[in-house]
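*Asks:* Below is one structure. I have some questions about it.
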Amino acid sequence: MTTPAAPVIVPGTDEDIDVDKPWQVVVWNDPVNTMGYVVFVFRKLFGYDETKATELMLKVHYEGRAIVSDGPREKAEIDCFRLHNHGLWATLEQ
Amino acid sequence: MSHFEATRRGIEVSLSPEERVFLGDVLPMLAGIGAVGSDPAADRLNVPVYLDDPEANSEWWRLMGGDLEAARKADRAVLRRVLDDPGNPTLDDGEANALLRVINEARLALGARLGIEVDADHDDLAEDSRQVLDYLGWLLEELTVELSRSL
């Protein structure tokens with residue numbers, strides 16, 4: 001997991017624009033994907049150990065969704081592609 | 001006995017003649033998946049990436065959709081090669097992962113066409129439909145276990 005970058009303050013505006021706020025990759029629960037397969041995909045794609053991957057899988061299963069990775073938009077979009085390529089439903093949000 | 005056995009050369013696949021016939025039917029089913037909006041299988045395999053931003057979602061699919069479809073076709077080609085091999089083919093890591101993905105793709109497509117939307121829907125399936133999903137799930141779990149050994 002990456003560390004969120006410090007916010008960038010743009011002078012002369014009324015709002016703090018957090019241009020570097022990381023994007024989050026969310027995996028949603030699915031009634032067909034098996035638990036073992038989802039754990040395998042999390043381990044393979046993100047290098048998580050079995051404990052971490054299982055925690056994330058259970059969070060997806062019982063809470064409906066879990067954030068599985070984050071980072072700059074380009075990285076998050078590629079993570080999303082890799083998850084879709086493995087049949088997991090992943091979305092992006094900031 | 002598992003259908004997949006790790007050897008020094010890779011993962012050896014053992015399928016009975018009946019299993020080969022069944023899996024041979026999976027390939028035209030996947031190749032025949034229709035358009036998003038007209039086929040539940042297509043809807044499941046092409047889910048939105050940006051839920052609240054249709055423009056960003058369209059852009060993601062414009063940039064990534066072609067690569068995703070090409071990757072899926074490459075995975076299906078591995079299953080084709082496995083079925084065309086009259087013996088017990090041995091797959092390298094990339095091929096075995098491709099086979100895993102295409103088995104999962106078949107389960108997702110079938111599950112969507114059978115109307116499975118929540119876990120409990122499995123209980124309402126006709127016996128033959130449940131057996132098909134369970135068989136593919138069995139293969140999936142066996143191969144997942146084998147591939148997990150090398151993570």
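Ligands are numbered from 1 in the order shown, residues from 1 within each chain, and chains are lettered A, B, ... in the order they appear in the structure tokens.
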Mind listing the helix (DSSP H, G or I) residues of stretch 11-92 of chain A, per DSSP on the backbone, as a ChimeraX atom specification?

*Replies:* /A:35-46,50-63,73-85

*Asks:* Based on the selection just made, write N, CA and C atoms of those residues as a CSV table (one decimal), in the first residue's frame.

*Replies:*
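Full text of part27.csv as output:
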chain,number,residue,atom,x,y,z
A,35,MET,N,-14.1,-18.0,-2.6
A,35,MET,CA,-13.3,-17.3,-1.7
A,35,MET,C,-11.8,-17.6,-1.9
A,36,GLY,N,-11.5,-18.9,-2.2
A,36,GLY,CA,-10.1,-19.3,-2.4
A,36,GLY,C,-9.5,-18.6,-3.6
A,37,TYR,N,-10.3,-18.4,-4.7
A,37,TYR,CA,-9.8,-17.8,-5.9
A,37,TYR,C,-9.5,-16.3,-5.6
A,38,VAL,N,-10.4,-15.7,-4.9
A,38,VAL,CA,-10.2,-14.2,-4.6
A,38,VAL,C,-9.0,-14.0,-3.7
A,39,VAL,N,-8.8,-14.9,-2.7
A,39,VAL,CA,-7.5,-14.8,-1.9
A,39,VAL,C,-6.3,-15.0,-2.8
A,40,PHE,N,-6.4,-15.9,-3.7
A,40,PHE,CA,-5.2,-16.2,-4.6
A,40,PHE,C,-5.0,-14.9,-5.4
A,41,VAL,N,-6.0,-14.3,-6.0
A,41,VAL,CA,-5.8,-13.1,-6.8
A,41,VAL,C,-5.2,-12.0,-6.0
A,42,PHE,N,-5.7,-11.7,-4.8
A,42,PHE,CA,-5.1,-10.7,-4.0
A,42,PHE,C,-3.6,-10.9,-3.7
A,43,ARG,N,-3.3,-12.2,-3.4
A,43,ARG,CA,-1.9,-12.5,-3.2
A,43,ARG,C,-1.0,-12.3,-4.4
A,44,LYS,N,-1.5,-12.8,-5.5
A,44,LYS,CA,-0.7,-12.8,-6.7
A,44,LYS,C,-0.6,-11.3,-7.3
A,45,LEU,N,-1.6,-10.6,-7.3
A,45,LEU,CA,-1.5,-9.2,-7.9
A,45,LEU,C,-0.9,-8.2,-7.0
A,46,PHE,N,-1.1,-8.3,-5.7
A,46,PHE,CA,-0.6,-7.3,-4.8
A,46,PHE,C,0.5,-7.8,-3.9
A,50,GLU,N,-1.0,-14.4,3.0
A,50,GLU,CA,-2.3,-15.1,3.0
A,50,GLU,C,-3.2,-14.5,4.0
A,51,THR,N,-2.6,-14.1,5.2
A,51,THR,CA,-3.5,-13.5,6.2
A,51,THR,C,-4.1,-12.2,5.7
A,52,LYS,N,-3.3,-11.3,5.2
A,52,LYS,CA,-3.8,-10.0,4.7
A,52,LYS,C,-4.8,-10.2,3.5
A,53,ALA,N,-4.5,-11.1,2.6
A,53,ALA,CA,-5.4,-11.4,1.5
A,53,ALA,C,-6.7,-12.0,2.0
A,54,THR,N,-6.7,-12.9,3.0
A,54,THR,CA,-7.9,-13.5,3.5
A,54,THR,C,-8.7,-12.4,4.2
A,55,GLU,N,-8.1,-11.5,5.0
A,55,GLU,CA,-8.8,-10.4,5.6
A,55,GLU,C,-9.6,-9.6,4.6
A,56,LEU,N,-8.9,-9.3,3.5
A,56,LEU,CA,-9.6,-8.4,2.5
A,56,LEU,C,-10.7,-9.2,1.8
A,57,MET,N,-10.5,-10.5,1.6
A,57,MET,CA,-11.5,-11.3,1.0
A,57,MET,C,-12.8,-11.3,1.9
A,58,LEU,N,-12.5,-11.5,3.2
A,58,LEU,CA,-13.7,-11.6,4.1
A,58,LEU,C,-14.4,-10.3,4.2
A,59,LYS,N,-13.6,-9.2,4.2
A,59,LYS,CA,-14.2,-7.9,4.2
A,59,LYS,C,-15.1,-7.7,3.0
A,60,VAL,N,-14.7,-8.1,1.8
A,60,VAL,CA,-15.5,-8.0,0.6
A,60,VAL,C,-16.7,-8.9,0.8
A,61,HIS,N,-16.6,-10.1,1.3
A,61,HIS,CA,-17.7,-11.0,1.4
A,61,HIS,C,-18.8,-10.5,2.4
A,62,TYR,N,-18.3,-10.0,3.6
A,62,TYR,CA,-19.3,-9.7,4.6
A,62,TYR,C,-19.7,-8.2,4.6
A,63,GLU,N,-18.9,-7.3,4.1
A,63,GLU,CA,-19.2,-5.9,4.1
A,63,GLU,C,-19.6,-5.5,2.7
A,73,ARG,N,-3.6,7.8,-10.0
A,73,ARG,CA,-4.6,7.3,-10.9
A,73,ARG,C,-4.2,6.3,-11.9
A,74,GLU,N,-3.0,6.5,-12.5
A,74,GLU,CA,-2.5,5.6,-13.5
A,74,GLU,C,-2.3,4.2,-12.9
A,75,LYS,N,-1.7,4.2,-11.8
A,75,LYS,CA,-1.5,2.9,-11.1
A,75,LYS,C,-2.8,2.2,-10.7
A,76,ALA,N,-3.7,3.0,-10.2
A,76,ALA,CA,-5.0,2.5,-9.8
A,76,ALA,C,-5.8,1.9,-11.0
A,77,GLU,N,-5.7,2.6,-12.1
A,77,GLU,CA,-6.4,2.1,-13.3
A,77,GLU,C,-5.8,0.8,-13.8
A,78,ILE,N,-4.5,0.7,-13.7
A,78,ILE,CA,-3.9,-0.6,-14.1
A,78,ILE,C,-4.2,-1.7,-13.1
A,79,ASP,N,-4.2,-1.4,-11.8
A,79,ASP,CA,-4.7,-2.4,-10.9
A,79,ASP,C,-6.1,-2.9,-11.2
A,80,CYS,N,-6.9,-1.9,-11.6
A,80,CYS,CA,-8.3,-2.2,-11.9
A,80,CYS,C,-8.4,-3.1,-13.1
A,81,PHE,N,-7.5,-2.9,-14.1
A,81,PHE,CA,-7.5,-3.7,-15.3
A,81,PHE,C,-7.1,-5.1,-14.9
A,82,ARG,N,-6.1,-5.3,-14.1
A,82,ARG,CA,-5.6,-6.6,-13.7
A,82,ARG,C,-6.7,-7.4,-12.9
A,83,LEU,N,-7.4,-6.7,-12.1
A,83,LEU,CA,-8.5,-7.3,-11.3
A,83,LEU,C,-9.6,-7.8,-12.3
A,84,HIS,N,-10.0,-6.9,-13.2
A,84,HIS,CA,-11.0,-7.3,-14.2
A,84,HIS,C,-10.5,-8.4,-15.0
A,85,ASN,N,-9.3,-8.5,-15.4
A,85,ASN,CA,-8.7,-9.6,-16.2
A,85,ASN,C,-8.8,-10.9,-15.4

*Asks:* Provide as a ChimeraX atom specification the residues of chain A at most 6 Å from chain B, counting only C-alpha atoms.

*Replies:* /A:31,86,91-92
